[in-house]
file entry.txt (compact mmCIF, C-alpha atoms)
# COMPACT_ATOMS: atom_id res chain seq x y z
CA MET A 8 -5.60 -22.20 19.57
CA ARG A 9 -2.38 -22.71 17.60
CA TRP A 10 -1.58 -20.14 14.93
CA GLY A 11 -1.62 -22.68 12.09
CA VAL A 12 -5.06 -23.97 13.04
CA GLU A 13 -6.41 -20.45 13.42
CA GLN A 14 -5.05 -19.49 9.99
CA ARG A 15 -6.75 -22.50 8.38
CA LEU A 16 -10.06 -21.59 10.02
CA GLU A 17 -9.71 -18.08 8.60
CA PHE A 18 -8.96 -19.62 5.21
CA ILE A 19 -12.12 -21.74 5.39
CA GLU A 20 -14.20 -18.69 6.24
CA PHE A 21 -12.52 -16.64 3.47
CA ARG A 22 -13.44 -19.24 0.86
CA LEU A 23 -17.00 -19.60 2.19
CA PHE A 24 -17.54 -15.83 2.33
CA TRP A 25 -15.99 -14.81 -0.99
CA GLU A 26 -16.50 -17.94 -3.09
CA GLY A 27 -19.37 -19.75 -1.39
CA SER A 28 -17.80 -23.16 -0.95
CA ILE A 29 -14.78 -25.20 0.14
CA ASN A 30 -13.63 -28.83 0.38
CA ARG A 31 -10.79 -30.77 1.95
CA ALA A 32 -8.64 -30.60 -1.17
CA ASP A 33 -8.63 -26.79 -0.98
CA ILE A 34 -7.04 -27.00 2.46
CA THR A 35 -4.59 -29.80 1.68
CA ASP A 36 -3.43 -28.14 -1.56
CA PHE A 37 -2.88 -24.72 -0.02
CA PHE A 38 -1.41 -25.65 3.37
CA GLY A 39 0.14 -29.02 2.58
CA VAL A 40 -1.61 -30.75 5.49
CA SER A 41 -2.96 -34.29 5.41
CA VAL A 42 -6.51 -35.18 4.42
CA PRO A 43 -7.36 -36.24 8.02
CA GLN A 44 -6.08 -32.86 9.28
CA ALA A 45 -8.20 -31.02 6.71
CA SER A 46 -11.24 -33.01 7.86
CA LYS A 47 -10.47 -32.04 11.47
CA ASP A 48 -10.22 -28.39 10.44
CA LEU A 49 -13.62 -28.49 8.74
CA THR A 50 -15.15 -30.23 11.76
CA LEU A 51 -13.61 -27.66 14.09
CA TYR A 52 -14.96 -24.85 11.94
CA GLN A 53 -18.45 -26.35 12.17
CA GLU A 54 -18.10 -26.50 15.96
CA ARG A 55 -16.85 -22.92 16.25
CA ALA A 56 -19.23 -21.49 13.63
CA PRO A 57 -22.34 -23.69 13.81
CA GLY A 58 -24.81 -23.27 10.96
CA ASN A 59 -22.33 -21.47 8.70
CA MET A 60 -21.87 -24.25 6.14
CA GLU A 61 -23.69 -27.25 4.78
CA TYR A 62 -22.42 -30.25 2.84
CA ASP A 63 -23.57 -30.45 -0.77
CA THR A 64 -23.57 -34.17 -1.59
CA ARG A 65 -23.85 -33.56 -5.34
CA ALA A 66 -20.95 -31.10 -5.53
CA LYS A 67 -19.07 -32.91 -2.74
CA ARG A 68 -18.24 -29.55 -1.21
CA TYR A 69 -19.19 -27.55 1.84
CA VAL A 70 -21.24 -24.51 0.85
CA ALA A 71 -22.03 -21.34 2.74
CA ALA A 72 -25.41 -21.48 4.48
CA ASP A 73 -28.05 -18.81 3.89
CA LYS A 74 -27.61 -17.51 7.45
CA PHE A 75 -23.82 -17.25 7.25
CA VAL A 76 -22.28 -15.30 10.14
CA LEU A 77 -18.63 -14.26 10.17
CA ARG A 78 -16.71 -15.62 13.15
CA PHE A 79 -13.01 -15.48 12.25
CA LEU A 80 -12.66 -12.74 9.64
CA GLU A 81 -13.42 -9.08 9.29
CA PRO A 82 -13.62 -9.08 5.49
CA ASP A 83 -12.37 -6.01 3.73
CA PRO A 84 -13.05 -5.41 0.03
CA TYR A 85 -9.64 -3.78 -0.24
CA GLY A 86 -8.01 -6.87 1.27
CA TYR A 87 -9.61 -9.06 -1.39
CA LEU A 88 -8.77 -6.63 -4.19
CA ALA A 89 -5.20 -6.30 -2.91
CA GLN A 90 -4.78 -10.06 -3.37
CA LEU A 91 -6.36 -9.84 -6.82
CA ARG A 92 -4.04 -6.98 -7.77
CA ALA A 93 -0.93 -8.75 -6.48
CA ALA A 94 -1.79 -11.89 -8.45
CA SER A 95 -2.69 -9.90 -11.58
CA GLU A 96 0.56 -7.94 -11.46
CA GLY A 97 2.58 -11.08 -10.79
CA THR A 98 3.79 -9.77 -7.43
CA ILE A 99 2.70 -13.11 -5.96
CA PRO A 100 1.91 -16.36 -7.80
CA ALA A 101 -1.82 -16.97 -8.16
CA HIS A 102 -1.50 -20.20 -6.14
CA ASP A 103 -0.22 -18.21 -3.15
CA SER A 104 -3.43 -16.19 -3.02
CA TRP A 105 -6.40 -17.33 -0.94
CA ILE A 106 -8.57 -16.66 -4.00
CA ALA A 107 -9.36 -19.97 -5.73
CA ASP A 108 -11.68 -18.83 -8.51
CA MET A 109 -9.51 -15.97 -9.74
CA PRO A 110 -11.64 -13.53 -11.77
CA ARG A 111 -10.13 -12.06 -14.90
CA ALA A 112 -8.46 -8.77 -14.12
CA ASP A 113 -5.96 -6.35 -15.59
CA ILE A 114 -3.97 -3.56 -13.98
CA ALA A 115 -3.06 -0.22 -15.55
CA LEU A 116 0.55 -0.58 -16.60
CA THR A 117 3.09 0.60 -14.04
CA PRO A 118 6.68 0.19 -15.28
CA LYS A 119 8.62 -2.04 -12.93
CA ARG A 120 11.45 -0.07 -11.38
CA ASP A 121 14.77 -1.88 -11.24
CA ILE A 122 15.63 -1.91 -7.54
CA ASP A 123 18.82 -3.76 -6.65
CA ILE A 124 18.07 -6.24 -3.88
CA GLY A 125 21.53 -5.76 -2.37
CA VAL A 126 21.00 -2.00 -2.24
CA LEU A 127 17.64 -2.43 -0.51
CA ARG A 128 19.10 -4.83 2.09
CA LYS A 129 21.91 -2.42 2.94
CA ILE A 130 19.51 0.53 3.22
CA LEU A 131 17.24 -1.50 5.51
CA GLU A 132 20.27 -2.45 7.60
CA ALA A 133 21.26 1.20 7.95
CA VAL A 134 17.70 2.10 9.02
CA ARG A 135 17.66 -0.67 11.65
CA ASP A 136 21.12 0.27 12.94
CA GLU A 137 20.38 4.02 12.83
CA ALA A 138 23.58 4.44 10.85
CA SER A 139 24.63 6.38 7.78
CA VAL A 140 25.68 4.72 4.54
CA GLU A 141 27.52 5.79 1.39
CA VAL A 142 25.51 5.61 -1.82
CA PHE A 143 26.57 6.03 -5.44
CA TYR A 144 23.59 8.08 -6.60
CA GLN A 145 22.46 9.35 -9.98
CA SER A 146 20.69 12.64 -9.45
CA MET A 147 18.59 14.50 -12.03
CA ASN A 148 20.12 17.75 -10.79
CA LYS A 149 21.71 19.83 -13.56
CA ALA A 150 24.65 20.52 -11.28
CA ARG A 151 25.36 16.78 -10.95
CA PRO A 152 24.87 15.18 -14.38
CA GLU A 153 26.98 12.16 -13.40
CA PRO A 154 26.50 9.83 -10.40
CA ILE A 155 28.51 10.69 -7.30
CA TRP A 156 29.22 9.10 -3.95
CA ARG A 157 27.38 10.75 -1.07
CA ARG A 158 26.59 9.79 2.50
CA ILE A 159 23.00 9.58 3.75
CA THR A 160 21.30 8.60 7.01
CA PRO A 161 18.07 6.82 6.00
CA HIS A 162 15.12 6.57 8.36
CA ALA A 163 11.92 5.85 6.37
CA PHE A 164 10.49 4.82 3.01
CA GLY A 165 7.88 6.47 0.79
CA PHE A 166 5.84 5.27 -2.18
CA ASP A 167 4.25 7.75 -4.58
CA GLY A 168 2.08 5.19 -6.35
CA PHE A 169 4.76 4.47 -8.96
CA ARG A 170 8.16 4.64 -7.29
CA TRP A 171 9.76 3.83 -3.93
CA HIS A 172 12.16 6.25 -2.33
CA VAL A 173 14.09 6.33 0.91
CA ARG A 174 13.75 9.34 3.16
CA ALA A 175 17.18 10.28 4.49
CA TYR A 176 19.39 13.01 5.86
CA CYS A 177 21.86 14.04 3.17
CA HIS A 178 25.33 14.71 4.59
CA LEU A 179 26.29 16.52 1.39
CA GLU A 180 23.46 19.07 1.39
CA HIS A 181 22.83 18.99 5.15
CA LYS A 182 19.08 18.44 4.87
CA PHE A 183 16.50 15.68 4.59
CA LYS A 184 15.72 14.52 1.06
CA ASP A 185 14.08 11.73 -0.94
CA PHE A 186 16.39 9.31 -2.74
CA LEU A 187 14.80 7.05 -5.36
CA LEU A 188 15.88 3.46 -4.78
CA PRO A 189 16.45 2.63 -8.48
CA ARG A 190 18.89 5.55 -8.73
CA ILE A 191 21.12 4.17 -5.98
CA LEU A 192 23.64 2.35 -8.17
CA GLU A 193 26.02 1.10 -5.49
CA ILE A 194 26.30 0.93 -1.72
CA GLY A 195 29.42 1.75 0.26
CA SER A 196 30.37 1.61 3.90
CA LYS A 197 28.24 2.36 6.95
CA GLY A 198 29.23 5.13 9.30
CA GLU A 199 28.14 7.46 12.05
CA PRO A 200 24.63 8.88 11.57
CA GLY A 201 23.76 12.43 10.73
CA GLU A 202 20.47 13.88 11.91
CA THR A 203 17.88 11.29 12.87
CA GLY A 204 14.32 10.77 11.69
CA GLU A 205 12.97 12.51 14.76
CA GLN A 206 14.54 15.71 13.42
CA ASP A 207 12.86 15.42 10.00
CA TRP A 208 10.12 18.02 10.44
CA LEU A 209 8.58 17.48 7.02
CA TRP A 210 8.21 13.75 7.70
CA ASN A 211 6.84 14.07 11.23
CA ASN A 212 4.28 16.81 10.60
CA TYR A 213 1.05 16.71 8.65
CA PHE A 214 -1.07 19.11 6.65
CA ASP A 215 -4.82 18.75 6.17
CA VAL A 216 -5.92 19.05 2.55
CA ILE A 217 -9.65 19.70 2.27
CA VAL A 218 -11.09 18.24 -0.93
CA GLY A 219 -14.55 18.13 -2.43
CA PRO A 220 -16.33 17.19 -5.66
CA HIS A 221 -15.76 19.42 -8.67
CA PRO A 222 -18.36 22.24 -8.48
CA ALA A 223 -19.28 21.82 -12.17
CA LEU A 224 -20.62 18.31 -11.57
CA THR A 225 -24.36 17.76 -11.13
CA PRO A 226 -25.64 17.18 -7.58
CA SER A 227 -26.01 13.43 -8.19
CA GLN A 228 -22.53 13.24 -9.70
CA GLN A 229 -21.11 15.13 -6.72
CA GLN A 230 -22.84 12.70 -4.41
CA VAL A 231 -21.29 9.64 -6.04
CA VAL A 232 -17.86 11.31 -6.15
CA ALA A 233 -18.14 11.99 -2.41
CA LYS A 234 -18.99 8.31 -1.90
CA ASP A 235 -16.16 7.22 -4.19
CA TYR A 236 -13.56 9.21 -2.23
CA GLY A 237 -15.07 8.57 1.21
CA LEU A 238 -15.95 12.22 1.79
CA ASP A 239 -18.31 13.16 4.60
CA HIS A 240 -21.02 15.73 3.87
CA GLY A 241 -19.60 16.37 0.40
CA ASN A 242 -16.10 17.39 1.53
CA GLY A 243 -13.30 15.47 3.19
CA VAL A 244 -9.98 16.01 4.92
CA PHE A 245 -6.84 14.15 3.86
CA SER A 246 -4.13 14.38 6.50
CA ILE A 247 -0.82 14.12 4.64
CA ARG A 248 2.81 14.29 5.71
CA TYR A 249 4.46 17.44 4.38
CA ALA A 250 7.17 15.19 2.91
CA MET A 251 4.52 13.29 0.89
CA LEU A 252 2.28 16.25 0.02
CA PHE A 253 3.62 16.84 -3.49
CA TYR A 254 3.31 13.17 -4.43
CA VAL A 255 -0.25 12.84 -3.13
CA LEU A 256 -1.49 16.00 -4.82
CA LYS A 257 0.18 15.01 -8.08
CA ARG A 258 -1.46 11.59 -8.01
CA LEU A 259 -4.88 13.10 -7.28
CA GLY A 260 -4.53 15.68 -10.05
CA LEU A 261 -4.51 18.54 -7.55
CA LEU A 262 -1.26 20.22 -8.58
CA GLY A 263 -2.58 23.38 -10.17
CA ASP A 264 -6.10 24.74 -10.03
CA ALA A 265 -8.31 21.67 -10.40
CA VAL A 266 -11.43 23.84 -10.75
CA LYS A 267 -10.16 24.88 -14.19
CA GLN A 268 -9.94 21.26 -15.31
CA SER A 269 -12.77 19.35 -16.94
CA PRO A 270 -15.08 17.89 -14.27
CA HIS A 271 -15.45 14.78 -16.42
CA THR A 272 -11.78 13.89 -15.97
CA GLN A 273 -10.91 15.73 -12.73
CA HIS A 274 -13.61 14.84 -10.24
CA ILE A 275 -12.25 16.46 -7.06
CA VAL A 276 -10.83 19.89 -6.24
CA THR A 277 -8.90 21.42 -3.35
CA ILE A 278 -11.17 23.52 -1.13
CA ASN A 279 -8.30 25.12 0.84
CA ARG A 280 -6.11 25.73 -2.18
CA LYS A 281 -4.28 28.81 -0.85
CA GLU A 282 -3.34 27.05 2.38
CA THR A 283 -2.26 23.98 0.41
CA GLU A 284 -0.09 26.15 -1.83
CA ALA A 285 1.55 27.64 1.26
CA ALA A 286 2.11 24.14 2.69
CA LEU A 287 3.84 23.07 -0.50
CA GLU A 288 6.10 26.12 -0.28
CA LYS A 289 6.91 25.14 3.29
CA ALA A 290 7.85 21.71 1.96
CA GLU A 291 10.16 23.46 -0.54
CA LEU A 292 8.04 22.47 -3.50
CA GLN A 293 6.15 24.80 -5.79
CA LEU A 294 2.80 24.39 -7.56
call {"tool": "encode", "arguments": {"input": "entry.txt", "output": "structure tokens"}}
result
Amino acid sequence: MRWGVEQRLEFIEFRLFWEGSINRADITDFFGVSVPQASKDLTLYQERAPGNMEYDTRAKRYVAADKFVLRFLEPDPYGYLAQLRAASEGTIPAHDSWIADMPRADIALTPKRDIDIGVLRKILEAVRDEASVEVFYQSMNKARPEPIWRRITPHAFGFDGFRWHVRAYCHLEHKFKDFLLPRILEIGSKGEPGETGEQDWLWNNYFDVIVGPHPALTPSQQQVVAKDYGLDHGNGVFSIRYAMLFYVLKRLGLLGDAVKQSPHTQHIVTINRKETEAALEKAELQL
């Protein structure tokens, strides 16, 4: 089956599963195919997924049958919500989403970081070519209050939930560091690489953070918190790169002793706090 046809069959099933109905216009509007082609796609779907949809003559739409069985999709609530989030944030236009009946939604404000597209392209090029590149970087270091040119060998990217950074070997400080993309003001020439990503121990190794519901919560509250965070038997293990450990713990509210925080605002705590503290020290970050 050709990729385009397969994608349209998935689209039909997406609309039937999440929204309960579809018609030819939905297919022609989204994919730009002809009406006869859309009719063929709906007929093919009926052949491949018999009994999944019925034609509603009053609504002039195909509707999902009571005994609907998924044949082309493995629906994921996070996949649907990711589309809803992208459309709500304006990352993609609403008409590019597979969601037709877009529910009202709002997203907690995240300031949009100003990342220069030319900078990002050059960093990506350096990663692909396994090369170093000069960057004019504004650090928050007291010793460097003004931006300076420095050479880095980038090998990966990280996102802390708010900001994107590039993980790179710094030729100035002779170690691997995180460089925030918005703080790279200019890009210079490529050059010979420094140490490669395979030598970045903090990036390539993981630490297991054991978390559990706050002990001050009631048993039923602890149970729903465990469900909310996908914890098995009340506790769970998050395997995190050492290079990302600080960011993850900060986002989860686990920098510091979470047990001392209000259980009504801080729902989870670190079970292996001492080991986690030692792991952060190993990653050259302090609680």
call {"tool": "closest_residue", "arguments": {"input": "entry.txt", "among": "A:Phe164, A:Phe79, A:Tyr176, A:Trp105", "to": "Trp25 of chain A", "atoms": "only C-alpha atoms"}}
result
A:Trp105
call {"tool": "closest_residue", "arguments": {"input": "entry.txt", "among": "A:Glu81, A:Glu202, A:Asp167, A:Asp108", "to": "Asp33 of chain A", "atoms": "only C-alpha atoms"}}
result
A:Asp108
call {"tool": "residues_around", "arguments": {"input": "entry.txt", "residues": "Gln273 of chain A", "least_positions_apart": "3", "cutoff": "12 Å", "atoms": "only C-alpha atoms", "output": "list in words"}}
result
Gly219, Pro220, His221, Pro222, Ala223, Leu224, Gln229, Val232, Arg258, Leu259, Gly260, Leu261, Leu262, Gly263, Asp264, Ala265, Val266, Lys267, Gln268, Ser269, Pro270, Val276 and Thr277 of chain A
call {"tool": "residues_around", "arguments": {"input": "entry.txt", "residues": "segment 212-217 of chain A", "least_positions_apart": "2", "cutoff": "9 Å", "atoms": "only C-alpha atoms", "output": "compact mmCIF listing (two decimals) with C-alpha atoms, in the coordinates of the input"}}
result
# COMPACT_ATOMS: atom_id res chain seq x y z
CA ASP A 207 12.86 15.42 10.00
CA TRP A 208 10.12 18.02 10.44
CA LEU A 209 8.58 17.48 7.02
CA TRP A 210 8.21 13.75 7.70
CA GLY A 219 -14.55 18.13 -2.43
CA ASN A 242 -16.10 17.39 1.53
CA GLY A 243 -13.30 15.47 3.19
CA VAL A 244 -9.98 16.01 4.92
CA PHE A 245 -6.84 14.15 3.86
CA SER A 246 -4.13 14.38 6.50
CA ILE A 247 -0.82 14.12 4.64
CA ARG A 248 2.81 14.29 5.71
CA TYR A 249 4.46 17.44 4.38
CA ALA A 250 7.17 15.19 2.91
CA LEU A 252 2.28 16.25 0.02
CA VAL A 276 -10.83 19.89 -6.24
CA THR A 277 -8.90 21.42 -3.35
CA ILE A 278 -11.17 23.52 -1.13
CA ASN A 279 -8.30 25.12 0.84
CA ARG A 280 -6.11 25.73 -2.18
CA GLU A 282 -3.34 27.05 2.38
CA THR A 283 -2.26 23.98 0.41
CA ALA A 286 2.11 24.14 2.69
call {"tool": "atom_distance", "arguments": {"input": "entry.txt", "atom1": "atom CA of Leu256 of chain A", "atom2": "atom CA of Gly168 of chain A"}}
result
11.5 Å
call {"tool": "closest_residue", "arguments": {"input": "entry.txt", "among": "A:Asp239, A:Arg15, A:Tyr87, A:Val134", "to": "Gly39 of chain A", "atoms": "only C-alpha atoms"}}
result
A:Arg15
call {"tool": "closest_residue", "arguments": {"input": "entry.txt", "among": "A:Phe37, A:Trp156, A:Thr225, A:Leu131", "to": "Ala101 of chain A", "atoms": "only C-alpha atoms"}}
result
A:Phe37
call {"tool": "atom_distance", "arguments": {"input": "entry.txt", "atom1": "atom CA of Ala112 of chain A", "atom2": "atom CA of Asp235 of chain A"}}
result
20.3 Å
call {"tool": "atom_distance", "arguments": {"input": "entry.txt", "atom1": "atom CA of Ile194 of chain A", "atom2": "atom CA of Lys129 of chain A"}}
result
7.2 Å
call {"tool": "residues_near_point", "arguments": {"input": "entry.txt", "point": "(-9.7, -9.6, -5.7)", "cutoff": "12 Å", "atoms": "all atoms listed in the file", "output": "PyMOL selection string"}}
result
chain A and resi 21+25-26+82-96+101+104-114
call {"tool": "write_last_selection", "arguments": {"input": "entry.txt", "atoms": "C-alpha atoms", "output": "PDB file, in the frame of the given file"}}
result
ATOM      1  CA  PHE A  21     -12.520 -16.640   3.470  1.00  0.00           C
ATOM      2  CA  TRP A  25     -15.990 -14.810  -0.990  1.00  0.00           C
ATOM      3  CA  GLU A  26     -16.500 -17.940  -3.090  1.00  0.00           C
ATOM      4  CA  PRO A  82     -13.620  -9.080   5.490  1.00  0.00           C
ATOM      5  CA  ASP A  83     -12.370  -6.010   3.730  1.00  0.00           C
ATOM      6  CA  PRO A  84     -13.050  -5.410   0.030  1.00  0.00           C
ATOM      7  CA  TYR A  85      -9.640  -3.780  -0.240  1.00  0.00           C
ATOM      8  CA  GLY A  86      -8.010  -6.870   1.270  1.00  0.00           C
ATOM      9  CA  TYR A  87      -9.610  -9.060  -1.390  1.00  0.00           C
ATOM     10  CA  LEU A  88      -8.770  -6.630  -4.190  1.00  0.00           C
ATOM     11  CA  ALA A  89      -5.200  -6.300  -2.910  1.00  0.00           C
ATOM     12  CA  GLN A  90      -4.780 -10.060  -3.370  1.00  0.00           C
ATOM     13  CA  LEU A  91      -6.360  -9.840  -6.820  1.00  0.00           C
ATOM     14  CA  ARG A  92      -4.040  -6.980  -7.770  1.00  0.00           C
ATOM     15  CA  ALA A  93      -0.930  -8.750  -6.480  1.00  0.00           C
ATOM     16  CA  ALA A  94      -1.790 -11.890  -8.450  1.00  0.00           C
ATOM     17  CA  SER A  95      -2.690  -9.900 -11.580  1.00  0.00           C
ATOM     18  CA  GLU A  96       0.560  -7.940 -11.460  1.00  0.00           C
ATOM     19  CA  ALA A 101      -1.820 -16.970  -8.160  1.00  0.00           C
ATOM     20  CA  SER A 104      -3.430 -16.190  -3.020  1.00  0.00           C
ATOM     21  CA  TRP A 105      -6.400 -17.330  -0.940  1.00  0.00           C
ATOM     22  CA  ILE A 106      -8.570 -16.660  -4.000  1.00  0.00           C
ATOM     23  CA  ALA A 107      -9.360 -19.970  -5.730  1.00  0.00           C
ATOM     24  CA  ASP A 108     -11.680 -18.830  -8.510  1.00  0.00           C
ATOM     25  CA  MET A 109      -9.510 -15.970  -9.740  1.00  0.00           C
ATOM     26  CA  PRO A 110     -11.640 -13.530 -11.770  1.00  0.00           C
ATOM     27  CA  ARG A 111     -10.130 -12.060 -14.900  1.00  0.00           C
ATOM     28  CA  ALA A 112      -8.460  -8.770 -14.120  1.00  0.00           C
ATOM     29  CA  ASP A 113      -5.960  -6.350 -15.590  1.00  0.00           C
ATOM     30  CA  ILE A 114      -3.970  -3.560 -13.980  1.00  0.00           C
TER      31      ILE A 114
END
call {"tool": "residues_around", "arguments": {"input": "entry.txt", "residues": "Ala32 of chain A", "least_positions_apart": "4", "cutoff": "10 Å", "atoms": "all atoms listed in the file", "output": "list of chain:residue names"}}
result
A:Asp36, A:Phe37, A:Phe38, A:Gly39, A:Val40, A:Ser41, A:Val42, A:Ala45, A:Ser46, A:Arg68
call {"tool": "residues_around", "arguments": {"input": "entry.txt", "residues": "Ile155 of chain A", "least_positions_apart": "6", "cutoff": "12 Å", "atoms": "all atoms listed in the file", "output": "ChimeraX atom specification"}}
result
/A:141-148,179,190-195
call {"tool": "closest_residue", "arguments": {"input": "entry.txt", "among": "A:Lys197, A:Arg151, A:Arg22, A:Arg120", "to": "Leu80 of chain A", "atoms": "only C-alpha atoms"}}
result
A:Arg22
call {"tool": "closest_residue", "arguments": {"input": "entry.txt", "among": "A:Leu49, A:Ser28, A:Asp121, A:Leu188", "to": "Glu13 of chain A", "atoms": "all atoms listed in the file"}}
result
A:Leu49
call {"tool": "residues_around", "arguments": {"input": "entry.txt", "residues": "segment 69-77 of chain A", "least_positions_apart": "3", "cutoff": "8 Å", "atoms": "all atoms listed in the file", "output": "PyMOL selection string"}}
result
chain A and resi 20+23-24+27-30+56+58-63+80-81
call {"tool": "decode", "arguments": {"input": "entry.txt", "residues": "segment 13-35 of chain A", "atoms": "N, CA and C atoms", "output": "mmCIF file, in the first residue's frame"}}
result
data_model
loop_
_atom_site.group_PDB
_atom_site.id
_atom_site.type_symbol
_atom_site.label_atom_id
_atom_site.label_comp_id
_atom_site.auth_asym_id
_atom_site.auth_seq_id
_atom_site.Cartn_x
_atom_site.Cartn_y
_atom_site.Cartn_z
ATOM 1 N N GLU A 13 -2.083 4.946 2.787
ATOM 2 C CA GLU A 13 -2.043 4.467 4.170
ATOM 3 C C GLU A 13 -2.267 5.618 5.155
ATOM 4 N N GLN A 14 -1.686 6.780 4.854
ATOM 5 C CA GLN A 14 -1.858 7.932 5.746
ATOM 6 C C GLN A 14 -3.323 8.380 5.764
ATOM 7 N N ARG A 15 -3.974 8.339 4.608
ATOM 8 C CA ARG A 15 -5.380 8.757 4.570
ATOM 9 C C ARG A 15 -6.272 7.767 5.307
ATOM 10 N N LEU A 16 -5.931 6.483 5.249
ATOM 11 C CA LEU A 16 -6.701 5.496 6.016
ATOM 12 C C LEU A 16 -6.527 5.728 7.520
ATOM 13 N N GLU A 17 -5.318 6.086 7.926
ATOM 14 C CA GLU A 17 -5.084 6.409 9.337
ATOM 15 C C GLU A 17 -5.880 7.651 9.726
ATOM 16 N N PHE A 18 -5.933 8.619 8.824
ATOM 17 C CA PHE A 18 -6.687 9.841 9.071
ATOM 18 C C PHE A 18 -8.172 9.532 9.258
ATOM 19 N N ILE A 19 -8.713 8.669 8.411
ATOM 20 C CA ILE A 19 -10.121 8.272 8.525
ATOM 21 C C ILE A 19 -10.370 7.639 9.887
ATOM 22 N N GLU A 20 -9.479 6.741 10.283
ATOM 23 C CA GLU A 20 -9.665 6.057 11.565
ATOM 24 C C GLU A 20 -9.501 7.026 12.735
ATOM 25 N N PHE A 21 -8.569 7.982 12.608
ATOM 26 C CA PHE A 21 -8.382 8.996 13.654
ATOM 27 C C PHE A 21 -9.674 9.769 13.864
ATOM 28 N N ARG A 22 -10.279 10.244 12.781
ATOM 29 C CA ARG A 22 -11.503 11.017 12.896
ATOM 30 C C ARG A 22 -12.644 10.164 13.457
ATOM 31 N N LEU A 23 -12.751 8.918 13.014
ATOM 32 C CA LEU A 23 -13.815 8.050 13.518
ATOM 33 C C LEU A 23 -13.620 7.772 15.007
ATOM 34 N N PHE A 24 -12.383 7.517 15.414
ATOM 35 C CA PHE A 24 -12.113 7.153 16.802
ATOM 36 C C PHE A 24 -12.301 8.333 17.745
ATOM 37 N N TRP A 25 -11.708 9.487 17.392
ATOM 38 C CA TRP A 25 -11.699 10.621 18.316
ATOM 39 C C TRP A 25 -12.926 11.523 18.161
ATOM 40 N N GLU A 26 -13.514 11.561 16.958
ATOM 41 C CA GLU A 26 -14.610 12.505 16.740
ATOM 42 C C GLU A 26 -15.911 11.844 16.304
ATOM 43 N N GLY A 27 -15.838 10.557 15.983
ATOM 44 C CA GLY A 27 -17.058 9.792 15.747
ATOM 45 C C GLY A 27 -17.613 9.838 14.353
ATOM 46 N N SER A 28 -17.030 10.647 13.457
ATOM 47 C CA SER A 28 -17.580 10.710 12.112
ATOM 48 C C SER A 28 -16.574 11.298 11.135
ATOM 49 N N ILE A 29 -16.875 11.131 9.844
ATOM 50 C CA ILE A 29 -16.030 11.683 8.779
ATOM 51 C C ILE A 29 -16.835 11.719 7.494
ATOM 52 N N ASN A 30 -16.476 12.611 6.551
ATOM 53 C CA ASN A 30 -17.064 12.575 5.222
ATOM 54 C C ASN A 30 -15.988 12.862 4.180
ATOM 55 N N ARG A 31 -16.380 12.858 2.927
ATOM 56 C CA ARG A 31 -15.398 13.037 1.857
ATOM 57 C C ARG A 31 -14.728 14.405 1.928
ATOM 58 N N ALA A 32 -15.493 15.426 2.297
ATOM 59 C CA ALA A 32 -14.930 16.771 2.342
ATOM 60 C C ALA A 32 -13.782 16.868 3.347
ATOM 61 N N ASP A 33 -13.871 16.117 4.438
ATOM 62 C CA ASP A 33 -12.775 16.126 5.414
ATOM 63 C C ASP A 33 -11.474 15.688 4.767
ATOM 64 N N ILE A 34 -11.561 14.681 3.916
ATOM 65 C CA ILE A 34 -10.370 14.129 3.259
ATOM 66 C C ILE A 34 -9.864 15.065 2.163
ATOM 67 N N THR A 35 -10.800 15.572 1.344
ATOM 68 C CA THR A 35 -10.379 16.461 0.256
ATOM 69 C C THR A 35 -9.789 17.760 0.799
#
